[in-house]
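Asker: So here's structure-v4.txt, just compact mmCIF, C-alpha atoms:
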# COMPACT_ATOMS: atom_id res chain seq x y z
CA MET Q 2 64.81 191.60 61.95
CA THR Q 3 68.51 190.71 61.62
CA GLU Q 4 69.40 188.25 58.86
CA THR Q 5 70.56 184.92 60.32
CA PHE Q 6 71.31 181.42 59.11
CA GLY Q 7 70.79 179.36 62.26
CA ASP Q 8 67.48 178.13 60.88
CA LEU Q 9 69.42 176.21 58.22
CA PHE Q 10 71.17 174.02 60.83
CA ASP Q 11 69.69 170.79 62.20
CA ARG Q 12 72.15 170.69 65.09
CA VAL Q 13 75.09 172.77 66.34
CA THR Q 14 77.74 171.43 68.70
CA MET Q 15 81.32 172.25 69.70
CA MET Q 16 84.23 170.57 67.93
CA HIS Q 17 87.72 170.20 69.35
CA SER Q 18 90.58 169.39 66.97
CA SER Q 19 93.68 167.81 68.43
CA ALA Q 20 96.84 166.31 66.93
CA ALA Q 21 96.95 164.19 70.12
CA TRP Q 22 93.66 162.52 69.16
CA SER Q 23 94.16 159.22 70.96
CA ASN Q 24 95.10 160.81 74.30
CA THR Q 25 92.35 163.41 74.01
CA PHE Q 26 89.83 160.68 73.13
CA SER Q 27 90.77 158.77 76.29
CA GLU Q 28 90.52 161.90 78.42
CA LEU Q 29 87.16 162.93 76.98
CA SER Q 30 85.83 159.39 77.39
CA ALA Q 31 86.85 159.50 81.06
CA VAL Q 32 84.75 162.63 81.50
CA LEU Q 33 81.87 162.08 79.06
CA GLY Q 34 81.65 158.27 78.82
CA ASP Q 35 81.45 156.36 75.57
CA PRO Q 36 80.88 158.44 72.44
CA MET Q 37 77.75 158.07 70.31
CA PHE Q 38 80.11 157.43 67.36
CA SER Q 39 83.82 156.92 66.85
CA ASP Q 40 85.86 155.66 63.92
CA GLY Q 41 88.59 154.80 66.43
CA SER Q 42 91.35 156.95 65.02
CA SER Q 43 90.30 160.41 63.89
CA TRP Q 44 86.71 161.25 64.77
CA SER Q 45 84.36 160.83 67.71
CA ALA Q 46 81.09 162.43 68.67
CA TRP Q 47 79.45 162.79 72.02
CA LYS Q 48 76.20 164.65 72.64
CA GLU Q 49 78.19 167.53 74.15
CA LEU Q 50 80.99 167.85 71.57
CA SER Q 51 82.96 166.22 68.78
CA LEU Q 52 86.67 165.40 68.57
CA SER Q 53 88.69 165.53 65.35
CA ASP Q 54 92.34 164.83 64.57
CA GLU Q 55 92.56 167.69 62.08
CA SER Q 56 95.10 170.24 63.22
CA SER Q 57 95.02 172.57 60.21
CA GLY Q 58 92.16 174.65 61.59
CA PRO Q 59 91.41 176.23 64.94
CA PRO Q 60 91.48 173.98 68.01
CA TRP Q 61 87.83 174.86 68.74
CA ALA Q 62 84.96 175.59 66.35
CA LEU Q 63 81.22 175.21 66.11
CA LEU Q 64 80.10 172.18 64.10
CA ALA Q 65 76.77 172.71 62.34
CA ARG Q 66 74.86 169.95 60.56
CA THR Q 67 72.78 171.01 57.58
CA SER Q 68 71.00 169.45 54.63
CA ASP Q 69 71.70 172.46 52.39
CA LEU Q 70 75.31 173.65 52.24
CA ASP Q 71 74.55 175.93 49.29
CA ALA Q 72 71.89 177.82 51.26
CA VAL Q 73 74.22 178.11 54.25
CA ALA Q 74 77.02 179.47 52.04
CA ALA Q 75 74.71 182.00 50.40
CA ARG Q 76 73.27 183.26 53.70
CA ALA Q 77 76.71 183.43 55.35
CA GLY Q 78 77.99 185.49 52.42
CA ILE Q 79 75.08 187.93 52.79
CA LEU Q 80 76.05 188.32 56.45
CA GLY Q 81 79.64 189.17 55.53
CA TRP Q 82 81.16 185.87 56.62
CA SER Q 83 84.11 184.36 54.77
CA VAL Q 84 82.98 181.18 53.02
CA GLY Q 85 85.55 178.49 52.19
CA GLN Q 86 85.38 175.89 49.47
CA PRO Q 87 83.48 172.63 50.07
CA ALA Q 88 85.77 169.79 51.13
CA LYS Q 89 85.01 166.08 51.35
CA GLY Q 90 85.99 164.46 54.63
CA GLY Q 91 85.80 160.87 55.72
CA HIS Q 92 82.15 161.14 56.76
CA GLU Q 93 80.90 164.44 55.37
CA ILE Q 94 81.12 167.31 52.95
CA ARG Q 95 82.02 170.43 54.92
CA LEU Q 96 82.31 174.13 54.43
CA THR Q 97 84.34 176.40 56.70
CA LEU Q 98 82.67 179.68 57.59
CA THR Q 99 84.48 182.48 59.42
CA SER Q 100 82.63 185.41 60.95
CA PRO Q 101 83.95 188.97 60.64
CA SER Q 102 85.20 188.70 64.27
CA GLY Q 103 86.91 185.34 63.70
CA LEU Q 104 84.38 182.75 64.91
CA THR Q 105 84.78 179.51 62.92
CA VAL Q 106 81.77 177.39 62.02
CA ILE Q 107 82.19 174.11 60.14
CA ALA Q 108 78.93 173.50 58.30
CA TYR Q 109 78.58 169.92 57.12
CA THR Q 110 76.34 167.43 55.40
CA PRO Q 111 76.89 163.74 56.20
CA VAL Q 112 77.64 161.40 53.31
CA SER Q 113 77.07 157.68 53.11
CA PRO Q 114 80.17 155.48 53.03
CA ALA Q 115 81.13 154.38 49.52
Any chance you could put this one into structure tokens?
Answerer:
Amino acid sequence: MTETFGDLFDRVTMMHSSAAWSNTFSELSAVLGDPMFSDGSSWSAWKELSLSDESSGPPWALLARTSDLDAVAARAGILGWSVGQPAKGGHEIRLTLTSPSGLTVIAYTPVSPA
């Protein structure tokens, strides 16, 4: 059996990053309706996908929720994926994973607001 790490994810969705967050939010809302969550300026989540204002990464990535970032990092490393350093965002601690062919997965664990 091929080694995988999908079993470590609670949920995987698509994430779109756009420097034009406000316009993109309006356009996505016109298509998908109201988001399940939005902070109103940099992050929104619908069932189908999430929208971020971060433009330092790829415009599209997989967003994977996990309760164990360390296990995800270890398994990804075994599979030959590039594993970034953990970074704290506004709502999560995340880890960027890049497959040998260039697929980007942002693994994250939600954090409670301070």
Asker: I'd like the contact shell of Ser100 of chain Q - 10 Å cut-off, only C-alpha atoms, skipping same-chain residues fewer than 6 positions apart - returned as a CSV table (one decimal) with C-alpha atoms, in the frame of the given file.
Answerer:
chain,number,residue,atom,x,y,z
Q,77,ALA,CA,76.7,183.4,55.4
Q,78,GLY,CA,78.0,185.5,52.4
Q,80,LEU,CA,76.0,188.3,56.4
Q,81,GLY,CA,79.6,189.2,55.5
Q,82,TRP,CA,81.2,185.9,56.6
Q,83,SER,CA,84.1,184.4,54.8
Q,84,VAL,CA,83.0,181.2,53.0
Q,106,VAL,CA,81.8,177.4,62.0
Asker: Find the distance between atom CA of Leu98 of chain Q and atom CA of Pro60 of chain Q and write it in Å to one decimal.
Answerer: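 Between these atoms lies a distance of 14.8 Å.
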Asker: Could you list, as a list in words, every residue within 9 Å of segment 8-10 of chain Q, counting only C-alpha atoms and ignoring same-chain residues fewer than 5 positions away?
Answerer: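 Once the nearby chain positions are removed, what remains is Ala65, Arg66, Thr67, Ser68, Asp69, Leu70, Ala72, Val73 and Ala108 of chain Q.
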Asker: Which value, in Å to one decimal, gives the distance between atom CA of Asp40 of chain Q and atom CA of Glu93 of chain Q?
Answerer: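 Those two atoms sit 13.2 Å apart.
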Asker: Could you list, as a PyMOL selection string, every residue within 12 Å of His92 of chain Q, counting all atoms listed in the file and ignoring same-chain residues fewer than 5 positions away?
Answerer: chain Q and resi 38-40+43-45+53+109-115
Asker: When you draw a straight line from atom CA of Gly91 of chain Q to atom CA of Glu28 of chain Q, how long is it in Å?
Answerer: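 Taking atom CA of Gly91 of chain Q and atom CA of Glu28 of chain Q, their separation equals 23.2 Å.
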Asker: Would you kindly return, as a list in words, each protein, DNA or RNA residue with an atom no farther than 12 Å from any atom of Ser30 of chain Q, considering only C-alpha atoms and excluding same-chain residues fewer than 4 positions away?
Answerer: Trp22, Ser23, Asn24, Thr25, Phe26, Gly34, Asp35, Pro36, Met37, Phe38, Ser39, Ser45, Ala46, Trp47, Lys48, Glu49, Leu50, Ser51 and Leu52 of chain Q
Asker: Enclose segment 62-74 of chain Q, meaning all of its atoms listed in the file, in a box aligned along x, y and z, pad it by 5 Å on each side, and list the centre and edge lengths in Å to one decimal, as AutoDock Vina command-line options.
Answerer:
--center_x 78.0 --center_y 174.5 --center_z 57.8 --size_x 24.0 --size_y 20.0 --size_z 27.1
Asker: So, counting all atoms listed in the file, which residue among Q:Thr5, Q:Ile107, Q:Ala74, Q:Leu29 is closest to Gly90 of chain Q?
Answerer: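 The answer is Q:Ile107, which sits nearest to Gly90 of chain Q.
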Asker: Which of these residues is nearest to Arg12 of chain Q, using all atoms listed in the file: Q:Leu63, Q:Thr105, Q:Pro87, Q:Thr97?
Answerer: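 Once distances to Arg12 of chain Q are computed over all atoms listed in the file, the minimum belongs to Q:Leu63.
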Asker: Which one is closest to Ile79 of chain Q: Q:Met15, Q:Ala62, Q:Pro101, Q:Ala21? Count only C-alpha atoms.
Answerer: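 Looking at the shortest contact to Ile79 of chain Q, the residue is Q:Pro101.
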Asker: Show me the residues close to (98.0, 172.8, 66.9) - anything with an atom within 9 Å, counting all atoms listed in the file - and format the list as a ChimeraX atom specification.
Answerer: /Q:18-20,55-60
Asker: How would segment 6-28 of chain Q read, as an mmCIF file, in the coordinates of the input, once N, CA, C and O atoms are built in?
Answerer:
data_model
loop_
_atom_site.group_PDB
_atom_site.id
_atom_site.type_symbol
_atom_site.label_atom_id
_atom_site.label_comp_id
_atom_site.auth_asym_id
_atom_site.auth_seq_id
_atom_site.Cartn_x
_atom_site.Cartn_y
_atom_site.Cartn_z
ATOM 1 N N PHE Q 6 71.355 182.673 59.849
ATOM 2 C CA PHE Q 6 71.310 181.420 59.110
ATOM 3 C C PHE Q 6 71.215 180.211 60.034
ATOM 4 O O PHE Q 6 71.320 179.074 59.598
ATOM 5 N N GLY Q 7 70.967 180.448 61.308
ATOM 6 C CA GLY Q 7 70.790 179.360 62.260
ATOM 7 C C GLY Q 7 69.636 178.443 61.930
ATOM 8 O O GLY Q 7 69.663 177.259 62.271
ATOM 9 N N ASP Q 8 68.626 178.958 61.250
ATOM 10 C CA ASP Q 8 67.480 178.130 60.880
ATOM 11 C C ASP Q 8 67.836 177.073 59.842
ATOM 12 O O ASP Q 8 67.073 176.139 59.617
ATOM 13 N N LEU Q 9 68.996 177.184 59.222
ATOM 14 C CA LEU Q 9 69.420 176.210 58.220
ATOM 15 C C LEU Q 9 70.178 175.030 58.844
ATOM 16 O O LEU Q 9 70.529 174.083 58.143
ATOM 17 N N PHE Q 10 70.423 175.073 60.158
ATOM 18 C CA PHE Q 10 71.170 174.020 60.830
ATOM 19 C C PHE Q 10 70.227 173.091 61.587
ATOM 20 O O PHE Q 10 69.332 173.544 62.294
ATOM 21 N N ASP Q 11 70.459 171.789 61.457
ATOM 22 C CA ASP Q 11 69.690 170.790 62.200
ATOM 23 C C ASP Q 11 70.200 170.662 63.631
ATOM 24 O O ASP Q 11 69.441 170.371 64.543
ATOM 25 N N ARG Q 12 71.525 170.854 63.788
ATOM 26 C CA ARG Q 12 72.150 170.690 65.090
ATOM 27 C C ARG Q 12 73.478 171.453 65.088
ATOM 28 O O ARG Q 12 74.184 171.463 64.087
ATOM 29 N N VAL Q 13 73.810 172.076 66.203
ATOM 30 C CA VAL Q 13 75.090 172.770 66.340
ATOM 31 C C VAL Q 13 75.739 172.292 67.638
ATOM 32 O O VAL Q 13 75.094 172.289 68.692
ATOM 33 N N THR Q 14 76.988 171.864 67.533
ATOM 34 C CA THR Q 14 77.740 171.430 68.700
ATOM 35 C C THR Q 14 79.144 172.047 68.639
ATOM 36 O O THR Q 14 79.512 172.679 67.652
ATOM 37 N N MET Q 15 79.924 171.820 69.677
ATOM 38 C CA MET Q 15 81.320 172.250 69.700
ATOM 39 C C MET Q 15 82.176 171.142 69.104
ATOM 40 O O MET Q 15 81.869 169.964 69.262
ATOM 41 N N MET Q 16 83.262 171.531 68.440
ATOM 42 C CA MET Q 16 84.230 170.570 67.930
ATOM 43 C C MET Q 16 85.618 170.977 68.410
ATOM 44 O O MET Q 16 86.001 172.141 68.310
ATOM 45 N N HIS Q 17 86.339 169.999 68.932
ATOM 46 C CA HIS Q 17 87.720 170.200 69.350
ATOM 47 C C HIS Q 17 88.616 169.402 68.409
ATOM 48 O O HIS Q 17 88.387 168.211 68.197
ATOM 49 N N SER Q 18 89.610 170.051 67.828
ATOM 50 C CA SER Q 18 90.580 169.390 66.970
ATOM 51 C C SER Q 18 91.887 169.254 67.730
ATOM 52 O O SER Q 18 92.363 170.216 68.333
ATOM 53 N N SER Q 19 92.462 168.053 67.678
ATOM 54 C CA SER Q 19 93.680 167.810 68.430
ATOM 55 C C SER Q 19 94.587 166.835 67.683
ATOM 56 O O SER Q 19 94.142 165.765 67.264
ATOM 57 N N ALA Q 20 95.859 167.214 67.526
ATOM 58 C CA ALA Q 20 96.840 166.310 66.930
ATOM 59 C C ALA Q 20 97.101 165.128 67.867
ATOM 60 O O ALA Q 20 97.551 164.075 67.420
ATOM 61 N N ALA Q 21 96.803 165.278 69.147
ATOM 62 C CA ALA Q 21 96.950 164.190 70.120
ATOM 63 C C ALA Q 21 95.610 163.484 70.291
ATOM 64 O O ALA Q 21 95.110 163.296 71.406
ATOM 65 N N TRP Q 22 95.024 163.056 69.176
ATOM 66 C CA TRP Q 22 93.660 162.520 69.160
ATOM 67 C C TRP Q 22 93.472 161.381 70.150
ATOM 68 O O TRP Q 22 92.526 161.372 70.936
ATOM 69 N N SER Q 23 94.331 160.406 70.128
ATOM 70 C CA SER Q 23 94.160 159.220 70.960
ATOM 71 C C SER Q 23 94.137 159.568 72.446
ATOM 72 O O SER Q 23 93.265 159.103 73.189
ATOM 73 N N ASN Q 24 95.078 160.398 72.888
ATOM 74 C CA ASN Q 24 95.100 160.810 74.300
ATOM 75 C C ASN Q 24 93.883 161.636 74.648
ATOM 76 O O ASN Q 24 93.270 161.452 75.710
ATOM 77 N N THR Q 25 93.520 162.562 73.758
ATOM 78 C CA THR Q 25 92.350 163.410 74.010
ATOM 79 C C THR Q 25 91.082 162.582 74.040
ATOM 80 O O THR Q 25 90.200 162.798 74.878
ATOM 81 N N PHE Q 26 90.986 161.590 73.149
ATOM 82 C CA PHE Q 26 89.830 160.680 73.130
ATOM 83 C C PHE Q 26 89.697 159.984 74.483
ATOM 84 O O PHE Q 26 88.608 159.924 75.059
ATOM 85 N N SER Q 27 90.796 159.464 74.999
ATOM 86 C CA SER Q 27 90.770 158.770 76.290
ATOM 87 C C SER Q 27 90.339 159.713 77.413
ATOM 88 O O SER Q 27 89.540 159.339 78.274
ATOM 89 N N GLU Q 28 90.864 160.931 77.392
ATOM 90 C CA GLU Q 28 90.520 161.900 78.420
ATOM 91 C C GLU Q 28 89.054 162.314 78.342
ATOM 92 O O GLU Q 28 88.359 162.395 79.369
#
